[in-house]
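To start, the structure itself, in C-alpha cells.
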2 protein chains.
Amino acid sequence: MGRRLDTVSTPARLAGPGEGIGADELALATRNHGLPLEALRYDITPPGLHYVLTHYDIPYVADDRSWRLSIGGRVRRTLDLDVAALRTFPQVTARVTMECAGNGRALLTPRPVSQPWLVEAVGTAEWTGVPLRLLLAEAGPAPDAVDVVFTGADHGVERGVEQDYQRALPVSVALGGEPEVLVAHTMNGAPLPPQHGRPLRLVVPGWYGMAHVKWLRDVTVSAEPFTGFQHTVAYRLRERAEDPGEPVTRIAPRALLVPPGFPDFMSRRRVVRPGPVTVHGRAWSGRAPVTAVEVSTDGGQSWRTARLDAADGHRWAWRGWRHTWTAAPGSYVLVARATDAEGHSQPLDQPWNRGGFANNLVQRVPVECVAGSPGEAT
Amino acid sequence: MGRRLDTVSTPARLAGPGEGIGADELALATRNHGLPLEALRYDITPPGLHYVLTHYDIPYVADDRSWRLSIGGRVRRTLDLDVAALRTFPQVTARVTMECAGNGRALLTPRPVSQPWLVEAVGTAEWTGVPLRLLLAEAGPAPDAVDVVFTGADHGVERGVEQDYQRALPVSVALGGEPEVLVAHTMNGAPLPPQHGRPLRLVVPGWYGMAHVKWLRDVTVSAEPFTGFQHTVAYRLRERAEDPGEPVTRIAPRALLVPPGFPDFMSRRRVVRPGPVTVHGRAWSGRAPVTAVEVSTDGGQSWRTARLDAADGHRWAWRGWRHTWTAAPGSYVLVARATDAEGHSQPLDQPWNRGGFANNLVQRVPVECVAGSPGEAT
C-alpha cells in the first residue's frame, strides 16, 4: 500500500437520481475508449479498436531494451530479466477476449461514479509471451507461497492512496495451465502498443481486465494473502460501502450484437430497411464455454435461438453467432443473451453493486425499420 | 443531400445551465477517443492513441483489393482506380497534425450538445499517398471547375438527413501544392487502420479533421459551389441558429502540455514533487507556423517564454516546446499559449459558436505540489 495523499482525491460515490455524467467521468471517457460495436465483425480486434482503460498515465518507455522484470519474494532464486531474456523461454500465443470489470457501469441505476462504460469495454487479441508458470518454475516458489503479486510501472493516486498499480493471483492460478497465464511482449504479432502495456504485460485468460497488469516490472511470490488497494478497496462486489465484499475474478457471460443498418450521428439510433436482416455478434464467458445465444427483437419478451459459429479451438476468445430477422416497418428493441456451460445466463434486470463490476445485463439496441425510396439499393 | 429521415434524429441544441453530459454525448465519447495527453511525448502518435471521430459506422471492408476510387464530374476523362493503380503514381509522405474541429467543445458555456471533447482531439501521423493534384491533372478538370467534392463510404443520418459523408474543397486548394492534399493509403508505414479510413482517405494538411474524408470512394469536380449537409448545415461558425455562418477551414493555433507528475484516477488532478519540473508539450497552427509558446503557472496572470524545439522541416506537424518550472508546495494552474506567424494567439476567454468549432481556448491543468516522504526517490 502507498502513502496517503487525500488532497487530490474525491470519495467513491453513486450518482444522484437523474444526475448527468460529470466532468470527472467525462475526462475518463475521452482518454479511455471502448470497441465501436461495428468492430465486433473482426475475429481479432484491429489495433486501436480494442478497449483501453488506463488507471493513471501510460508510462513512457524510451527504449524497451532497458526494461527489467524482476521475479522474487518467496522463491529459491530471484530472476532479473530483460525482454530479450524472456524471448529465450518457450513462447505461447493465445487468443483472448478481454473485458473491463466495469463494463456496463454507466447504464446502472444508481450509477457508480467511475469510468462510464456503456457495453463496449471489450476486445480480442492474440497475445504472445512466456507462460508465467515456466518463469515461476525457474525461480522456484517456496512451499508456503499463497499469492503472486504483480506490479506495473503506472503510478498514481486513488481515493487518497498513492500507489503503483498492483494486483495478485492465487499461486494455484499463477501456476495453472488452463488458463495459462502469460507474460506477453507481443500483441497481434507486433510489440505491445504503449497503451496495452509496452513492453510487458500480464495476460490472464478468462479474467476481467484488472488482472492483466500492464507495464509489468515486478512479480513477487508471497506467503501472505495480498491486501493491496486494488484487492481490498477496489474491485470488490459490495452491496453496501461497509461490506467486506467478494473479489472480482472471472468474466461473466455476455453477448453483444453488431448494431444493424446505419446510425444517426447524435442519437446513435439505428435504421434498417424492411426484409431479411442478419443479426450477428459475439459471445463469451470466462467461467465456461458459451453454449447458447438467444435473440429477441421485442425487448426480451420472446426469444429465438441464434446459430453459433463452429468452435474454433480458441477457448478464451469470443464466439461468433448469427440469426436472420425479417424486418417489417416499425420500432424494435434487439436483445441478445448468452448462456455458458455452467448454466450462467445474462440477466434481463440489472445486477447491481457499488462498483458496477461484473455487470452483464443484456444489451438493448433500439432499431427503426423504415422503407427506403422506391428502387433504392441498400 | 440525402432523403429526410426525421424519426431517429434530435435537433441541434445547447445544454442547459449545469446540465451534465447526456446519454447521447456519452455514447459518442465511449466510441470516439482523444489522445491521452501523456502521449504528446511522441513525435508521431503511436497506433491507437491518435484521436478518432467517426460520424456514422466504420465501414467494413473485407478485401482492400476490391475498393474503387472514381474521379469524375467536370473532367476530360473519368478515372476508376484501385489501390494498386494509385500506387503507380508518385508517392508522397507528409507528417501532419490533425485536430477535430470540435476540440474543446465540452468546456464551453453553454455547451453545444455533440461529441464532448475536452482538449485532446488531436494526433500526428505520417501519411503516405498520391498528391490529389496529380490525380486531378490526369483527369483534366474543366476550366469552369469551382469545387471538388469528396464522398466517403460511411452512411448515416444527421439532423434528419440521410447521407454518405461528403465534404468539398475549393478547386484551388485541391490543386494546390502547399499544403499538398493527399489521397493516402498508408499511415505510419502500415495500411490505414479501419477507423482511419481503410483503405483510402483524404489528407488536407493544416485543415481541421472534417476535411480529411475517410473511406474515400468518389471525387467529383463540380462547376457549382458544393451545398451538402456537412458544408451548409454542419461545420459552420454561427453565433445564432439563423445565421448563415462562416465555413470551418484551417486549424487555429493551440498548445497543449503533458500534464506533469502523476494523476488521481478519478479527478485526474496532478501531483508534482517540489523542485525543477519540466513543463513540455506541443504546439501547432494550420494558419501559419508557430512562432512562440508561453507558459503560466498561475492560471494566466503571468507568463514565461518556453523554448521551442528546433524546426524539423515538418511544416504541417506540431512543434515541441519546453520550460523548466521550479515547483514549491502549493496549488497551481498551468497554462500554455501558442502564437503563430500571422499573429494569431490563443484566447484566455472562450471563443464561442453554436457548434463549438475551431475553439482554441487555452488548456488549464490544475497541479498540487506536495512534498514526498523523506528520502523518497521520484
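Naming scheme: A, B, ... for chains in displayed order of the C-alpha cells; residues 1 onward per chain; ligands 1 onward as shown.
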
Which residues of chain B come within 7 Å of chain A, and what is each one's closest atom pair and distance in Å (one decimal), counting only C-alpha atoms, sorted by chain and residue number, as CSV?
residue,atom,partner,partner_atom,distance
B:Val8,CA,A:Arg269,CA,5.8
B:Ser9,CA,A:Asp264,CA,6.2
B:Thr10,CA,A:Ser267,CA,6.9
B:Glu19,CA,A:Gly20,CA,6.8
B:Gly20,CA,A:Gly20,CA,4.0
B:Ile21,CA,A:Ile21,CA,4.7
B:Gly22,CA,A:Gly20,CA,5.8
B:Asp24,CA,A:Ser267,CA,5.4
B:Ala29,CA,A:Ala29,CA,5.9
B:Thr30,CA,A:His33,CA,5.3
B:Arg31,CA,A:Pro36,CA,5.1
B:Asn32,CA,A:His33,CA,6.9
B:His33,CA,A:Thr30,CA,5.3
B:Gly34,CA,A:Thr30,CA,5.6
B:Leu35,CA,A:Arg31,CA,6.6
B:Pro36,CA,A:Arg31,CA,5.1
B:Glu38,CA,A:Asp57,CA,6.7
B:Pro47,CA,A:Gly48,CA,6.2
B:Gly48,CA,A:Gly48,CA,3.6
B:His55,CA,A:Phe265,CA,5.6
B:Tyr56,CA,A:Phe265,CA,5.7
B:Asp57,CA,A:Glu38,CA,6.7
B:Ile58,CA,A:Glu38,CA,6.8
B:Ser114,CA,A:Met266,CA,6.6
B:Trp117,CA,A:Thr30,CA,6.8
B:His155,CA,A:Phe262,CA,6.5
B:Gly156,CA,A:Pro263,CA,5.1
B:Val157,CA,A:Asp264,CA,4.4
B:Glu158,CA,A:Phe265,CA,5.4
B:Phe262,CA,A:Gly156,CA,5.3
B:Pro263,CA,A:Gly156,CA,5.2
B:Asp264,CA,A:Val157,CA,4.4
B:Phe265,CA,A:Glu158,CA,5.5
B:Met266,CA,A:Asp24,CA,6.2
B:Ser267,CA,A:Asp24,CA,5.4
B:Arg269,CA,A:Val8,CA,5.8

_segment 212-224 of chain B surroundings by only C-alpha atoms, 6 Å radius, close-in-sequence under 5 positions cut, as number ranges by chain_ = B: 69-74, 144-153, 197-198, 200-204

For N, CA, C and O atoms, I'd like the residues from the last selection saved as a CSV table (one decimal), in the first residue's frame.
chain,number,residue,atom,x,y,z
B,69,LEU,N,-11.8,3.8,-56.4
B,69,LEU,CA,-11.9,5.3,-56.2
B,69,LEU,C,-12.3,5.8,-57.6
B,69,LEU,O,-11.5,5.6,-58.6
B,70,SER,N,-13.4,6.5,-57.7
B,70,SER,CA,-13.7,7.1,-59.0
B,70,SER,C,-13.5,8.6,-59.0
B,70,SER,O,-13.8,9.3,-58.0
B,71,ILE,N,-12.9,9.1,-60.0
B,71,ILE,CA,-12.7,10.6,-60.1
B,71,ILE,C,-13.4,11.0,-61.4
B,71,ILE,O,-13.1,10.6,-62.5
B,72,GLY,N,-14.4,11.9,-61.2
B,72,GLY,CA,-15.2,12.3,-62.4
B,72,GLY,C,-15.8,13.7,-62.2
B,72,GLY,O,-15.2,14.5,-61.6
B,73,GLY,N,-17.0,13.8,-62.8
B,73,GLY,CA,-17.6,15.1,-62.8
B,73,GLY,C,-17.1,16.0,-64.0
B,73,GLY,O,-17.0,15.4,-65.1
B,74,ARG,N,-16.8,17.2,-63.7
B,74,ARG,CA,-16.4,18.2,-64.8
B,74,ARG,C,-14.9,17.9,-65.1
B,74,ARG,O,-14.0,18.7,-64.8
B,144,ASP,N,-14.2,25.6,-65.9
B,144,ASP,CA,-15.3,26.2,-65.0
B,144,ASP,C,-15.4,25.5,-63.7
B,144,ASP,O,-16.3,25.8,-62.9
B,145,ALA,N,-14.4,24.6,-63.4
B,145,ALA,CA,-14.5,23.9,-62.1
B,145,ALA,C,-14.4,24.8,-60.9
B,145,ALA,O,-13.6,25.8,-60.9
B,146,VAL,N,-15.2,24.6,-59.9
B,146,VAL,CA,-15.3,25.5,-58.7
B,146,VAL,C,-14.9,24.7,-57.5
B,146,VAL,O,-14.0,25.1,-56.7
B,147,ASP,N,-15.6,23.6,-57.2
B,147,ASP,CA,-15.3,22.8,-56.0
B,147,ASP,C,-15.0,21.4,-56.4
B,147,ASP,O,-15.4,20.9,-57.5
B,148,VAL,N,-14.3,20.7,-55.5
B,148,VAL,CA,-14.1,19.2,-55.7
B,148,VAL,C,-14.7,18.6,-54.5
B,148,VAL,O,-14.4,18.9,-53.4
B,149,VAL,N,-15.7,17.6,-54.8
B,149,VAL,CA,-16.5,17.0,-53.7
B,149,VAL,C,-16.0,15.6,-53.5
B,149,VAL,O,-15.7,14.8,-54.4
B,150,PHE,N,-15.8,15.3,-52.2
B,150,PHE,CA,-15.2,14.0,-51.8
B,150,PHE,C,-16.3,13.2,-51.0
B,150,PHE,O,-16.9,13.8,-50.1
B,151,THR,N,-16.5,12.0,-51.4
B,151,THR,CA,-17.6,11.2,-50.8
B,151,THR,C,-16.9,10.0,-50.1
B,151,THR,O,-16.1,9.2,-50.8
B,152,GLY,N,-17.3,9.7,-48.9
B,152,GLY,CA,-16.8,8.6,-48.1
B,152,GLY,C,-17.9,7.5,-48.2
B,152,GLY,O,-19.0,7.7,-48.6
B,153,ALA,N,-17.5,6.3,-47.7
B,153,ALA,CA,-18.4,5.2,-47.7
B,153,ALA,C,-19.3,5.1,-46.4
B,153,ALA,O,-20.1,4.2,-46.3
B,197,GLY,N,-9.9,5.2,-42.0
B,197,GLY,CA,-10.3,5.3,-43.4
B,197,GLY,C,-10.0,4.2,-44.3
B,197,GLY,O,-10.1,4.3,-45.5
B,198,ARG,N,-9.5,3.0,-43.8
B,198,ARG,CA,-9.1,2.0,-44.7
B,198,ARG,C,-10.1,1.7,-45.8
B,198,ARG,O,-11.3,1.5,-45.5
B,200,LEU,N,-8.6,4.0,-48.1
B,200,LEU,CA,-8.2,5.3,-48.6
B,200,LEU,C,-8.9,6.5,-47.9
B,200,LEU,O,-10.0,6.4,-47.6
B,201,ARG,N,-8.1,7.5,-47.7
B,201,ARG,CA,-8.7,8.7,-47.1
B,201,ARG,C,-8.0,9.9,-47.7
B,201,ARG,O,-6.9,9.8,-48.2
B,202,LEU,N,-8.7,11.1,-47.6
B,202,LEU,CA,-8.1,12.3,-47.9
B,202,LEU,C,-7.3,12.9,-46.7
B,202,LEU,O,-7.7,12.7,-45.6
B,203,VAL,N,-6.2,13.5,-47.0
B,203,VAL,CA,-5.4,14.2,-46.0
B,203,VAL,C,-5.2,15.6,-46.5
B,203,VAL,O,-4.7,15.8,-47.6
B,204,VAL,N,-5.7,16.6,-45.7
B,204,VAL,CA,-5.6,18.0,-46.1
B,204,VAL,C,-4.8,18.8,-45.0
B,204,VAL,O,-5.4,19.3,-44.1

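The closest residue to Gln350 of chain B, picked from B:Pro141, B:Gly129, B:Pro110, B:Gly245 and counting only C-alpha atoms, is B:Pro110.
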
*Give the helix (DSSP H, G or I) residues of segment 66-246 of chain A, as DSSP finds them on the backbone, and put them as a PyMOL selection string.*
chain A and resi 66+83-86+105-107+132-139+171-174+194-196+209-211+229-232

Would you mind exporting the chosen residues as an mmCIF file, in the first residue's frame, restricted to C-alpha atoms?
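Once everything was written out, this is result.cif:
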data_model
loop_
_atom_site.group_PDB
_atom_site.id
_atom_site.type_symbol
_atom_site.label_atom_id
_atom_site.label_comp_id
_atom_site.auth_asym_id
_atom_site.auth_seq_id
_atom_site.Cartn_x
_atom_site.Cartn_y
_atom_site.Cartn_z
ATOM 1 C CA SER A 66 16.326 -1.092 -20.783
ATOM 2 C CA VAL A 83 12.719 -8.659 -22.888
ATOM 3 C CA ALA A 84 15.424 -10.475 -24.860
ATOM 4 C CA ALA A 85 15.911 -12.950 -21.981
ATOM 5 C CA LEU A 86 12.148 -13.555 -21.844
ATOM 6 C CA ARG A 105 -21.481 0.600 -15.335
ATOM 7 C CA ALA A 106 -22.951 3.787 -16.808
ATOM 8 C CA LEU A 107 -26.250 2.029 -17.524
ATOM 9 C CA LEU A 132 4.175 -17.470 -16.162
ATOM 10 C CA ARG A 133 4.369 -20.990 -14.749
ATOM 11 C CA LEU A 134 7.690 -21.534 -16.574
ATOM 12 C CA LEU A 135 9.154 -18.353 -15.104
ATOM 13 C CA LEU A 136 7.965 -19.297 -11.634
ATOM 14 C CA ALA A 137 9.352 -22.824 -12.050
ATOM 15 C CA GLU A 138 12.725 -21.265 -12.872
ATOM 16 C CA ALA A 139 12.542 -19.087 -9.749
ATOM 17 C CA VAL A 171 -0.494 -19.194 -6.565
ATOM 18 C CA SER A 172 -2.658 -22.007 -7.984
ATOM 19 C CA VAL A 173 -3.904 -19.697 -10.743
ATOM 20 C CA ALA A 174 -0.419 -18.277 -11.393
ATOM 21 C CA PRO A 194 2.149 1.773 -25.223
ATOM 22 C CA GLN A 195 -1.462 1.796 -24.024
ATOM 23 C CA HIS A 196 -1.556 -2.008 -23.828
ATOM 24 C CA GLY A 209 -9.082 -6.700 -17.376
ATOM 25 C CA MET A 210 -7.910 -5.550 -13.925
ATOM 26 C CA ALA A 211 -5.930 -8.816 -13.586
ATOM 27 C CA PHE A 229 -5.688 -1.296 -2.693
ATOM 28 C CA GLN A 230 -6.848 -2.920 -5.923
ATOM 29 C CA HIS A 231 -7.896 -6.054 -3.967
ATOM 30 C CA THR A 232 -9.273 -4.858 -0.682
#

*Pick out the residues sitting within 6 Å of Thr124 of chain B, and hand them over as a ChimeraX atom specification; count only C-alpha atoms, and ignore anything fewer than 5 positions along from it in its own chain.*
/B:44-45,96-97

Write out as a CSV table (one decimal) with all heavy atoms, in the first residue's frame each polymer residue whose atoms come within 7 Å of segment 317-321 of chain B, counting only C-alpha atoms; drop sequence neighbours fewer than 6 positions from it.
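Ended up saving to selection.csv:
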chain,number,residue,atom,x,y,z
B,95,ARG,N,4.1,14.5,-42.7
B,95,ARG,CA,3.8,14.4,-41.3
B,95,ARG,C,2.8,15.5,-41.0
B,95,ARG,O,3.1,16.7,-41.2
B,95,ARG,CB,5.1,14.6,-40.5
B,95,ARG,CG,4.8,14.4,-39.0
B,95,ARG,CD,6.1,14.6,-38.2
B,95,ARG,NE,7.1,13.6,-38.5
B,95,ARG,CZ,8.3,13.5,-37.8
B,95,ARG,NH1,8.5,14.3,-36.8
B,95,ARG,NH2,9.2,12.6,-38.2
B,96,VAL,N,1.6,15.1,-40.5
B,96,VAL,CA,0.5,16.0,-40.4
B,96,VAL,C,-0.1,15.9,-39.0
B,96,VAL,O,-0.4,14.8,-38.5
B,96,VAL,CB,-0.5,15.7,-41.4
B,96,VAL,CG1,-1.8,16.6,-41.3
B,96,VAL,CG2,0.0,15.9,-42.8
B,97,THR,N,-0.3,17.0,-38.3
B,97,THR,CA,-1.1,17.1,-37.1
B,97,THR,C,-2.5,17.4,-37.5
B,97,THR,O,-2.8,18.3,-38.2
B,97,THR,CB,-0.5,18.2,-36.2
B,97,THR,OG1,0.8,17.8,-35.7
B,97,THR,CG2,-1.4,18.4,-34.9
B,124,THR,N,-0.7,13.1,-34.4
B,124,THR,CA,0.2,13.4,-35.5
B,124,THR,C,0.6,12.1,-36.1
B,124,THR,O,0.9,11.1,-35.4
B,124,THR,CB,1.4,14.2,-35.0
B,124,THR,OG1,1.0,15.5,-34.6
B,124,THR,CG2,2.4,14.3,-36.1
B,280,HIS,N,6.4,20.5,-20.6
B,280,HIS,CA,6.7,20.4,-22.1
B,280,HIS,C,5.4,20.0,-22.8
B,280,HIS,O,4.5,19.5,-22.2
B,280,HIS,CB,7.9,19.5,-22.4
B,280,HIS,CG,7.7,18.1,-21.9
B,280,HIS,ND1,7.7,17.0,-22.8
B,280,HIS,CD2,7.4,17.5,-20.7
B,280,HIS,CE1,7.5,15.9,-22.2
B,280,HIS,NE2,7.3,16.2,-20.9
B,281,GLY,N,5.4,20.2,-24.1
B,281,GLY,CA,4.3,19.8,-24.9
B,281,GLY,C,4.5,20.1,-26.4
B,281,GLY,O,5.6,20.0,-26.8
B,282,ARG,N,3.4,20.3,-27.0
B,282,ARG,CA,3.4,20.5,-28.5
B,282,ARG,C,2.5,21.7,-28.8
B,282,ARG,O,1.6,22.0,-28.1
B,282,ARG,CB,2.8,19.3,-29.2
B,282,ARG,CG,3.5,18.0,-28.8
B,282,ARG,CD,4.8,17.7,-29.6
B,282,ARG,NE,5.4,16.5,-29.1
B,282,ARG,CZ,6.5,16.0,-29.6
B,282,ARG,NH1,7.1,16.6,-30.6
B,282,ARG,NH2,7.0,14.9,-29.1
B,283,ALA,N,2.8,22.3,-29.9
B,283,ALA,CA,2.0,23.5,-30.4
B,283,ALA,C,1.9,23.4,-31.9
B,283,ALA,O,2.8,22.9,-32.6
B,283,ALA,CB,2.6,24.8,-30.0
B,284,TRP,N,0.8,23.9,-32.4
B,284,TRP,CA,0.6,23.8,-33.9
B,284,TRP,C,-0.4,24.9,-34.3
B,284,TRP,O,-1.2,25.4,-33.5
B,284,TRP,CB,0.0,22.4,-34.3
B,284,TRP,CG,-1.3,22.1,-33.7
B,284,TRP,CD1,-2.5,22.3,-34.2
B,284,TRP,CD2,-1.5,21.5,-32.4
B,284,TRP,NE1,-3.5,21.9,-33.3
B,284,TRP,CE2,-2.9,21.4,-32.2
B,284,TRP,CE3,-0.7,21.0,-31.4
B,284,TRP,CZ2,-3.5,20.8,-31.0
B,284,TRP,CZ3,-1.2,20.5,-30.2
B,284,TRP,CH2,-2.6,20.4,-30.1
B,306,ALA,N,8.5,29.8,-23.4
B,306,ALA,CA,9.1,28.5,-23.5
B,306,ALA,C,10.1,28.4,-24.6
B,306,ALA,O,10.1,29.3,-25.5
B,306,ALA,CB,7.9,27.5,-23.7
B,307,ARG,N,10.9,27.4,-24.6
B,307,ARG,CA,11.9,27.2,-25.6
B,307,ARG,C,11.3,26.3,-26.7
B,307,ARG,O,10.8,25.2,-26.3
B,307,ARG,CB,13.2,26.5,-25.0
B,307,ARG,CG,14.3,26.4,-26.0
B,307,ARG,CD,15.6,26.1,-25.3
B,307,ARG,NE,15.6,25.0,-24.4
B,307,ARG,CZ,15.6,23.7,-24.8
B,307,ARG,NH1,15.8,23.4,-26.1
B,307,ARG,NH2,15.6,22.7,-23.9
B,308,LEU,N,11.3,26.7,-27.9
B,308,LEU,CA,10.7,25.9,-29.0
B,308,LEU,C,11.8,24.9,-29.4
B,308,LEU,O,13.0,25.3,-29.5
B,308,LEU,CB,10.3,26.7,-30.2
B,308,LEU,CG,9.1,27.7,-30.0
B,308,LEU,CD1,8.9,28.4,-31.4
B,308,LEU,CD2,7.9,26.9,-29.6
B,309,ASP,N,11.4,23.6,-29.7
B,309,ASP,CA,12.4,22.7,-30.3
B,309,ASP,C,12.8,23.2,-31.7
B,309,ASP,O,12.1,24.0,-32.3
B,309,ASP,CB,11.8,21.3,-30.5
B,309,ASP,CG,11.5,20.6,-29.1
B,309,ASP,OD1,11.9,21.1,-28.1
B,309,ASP,OD2,10.8,19.6,-29.2

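Nearest residue to Arg287 of chain B among B:Gly228, B:Gly330, B:Pro260, B:Pro205 is B:Pro205, counting only C-alpha atoms.
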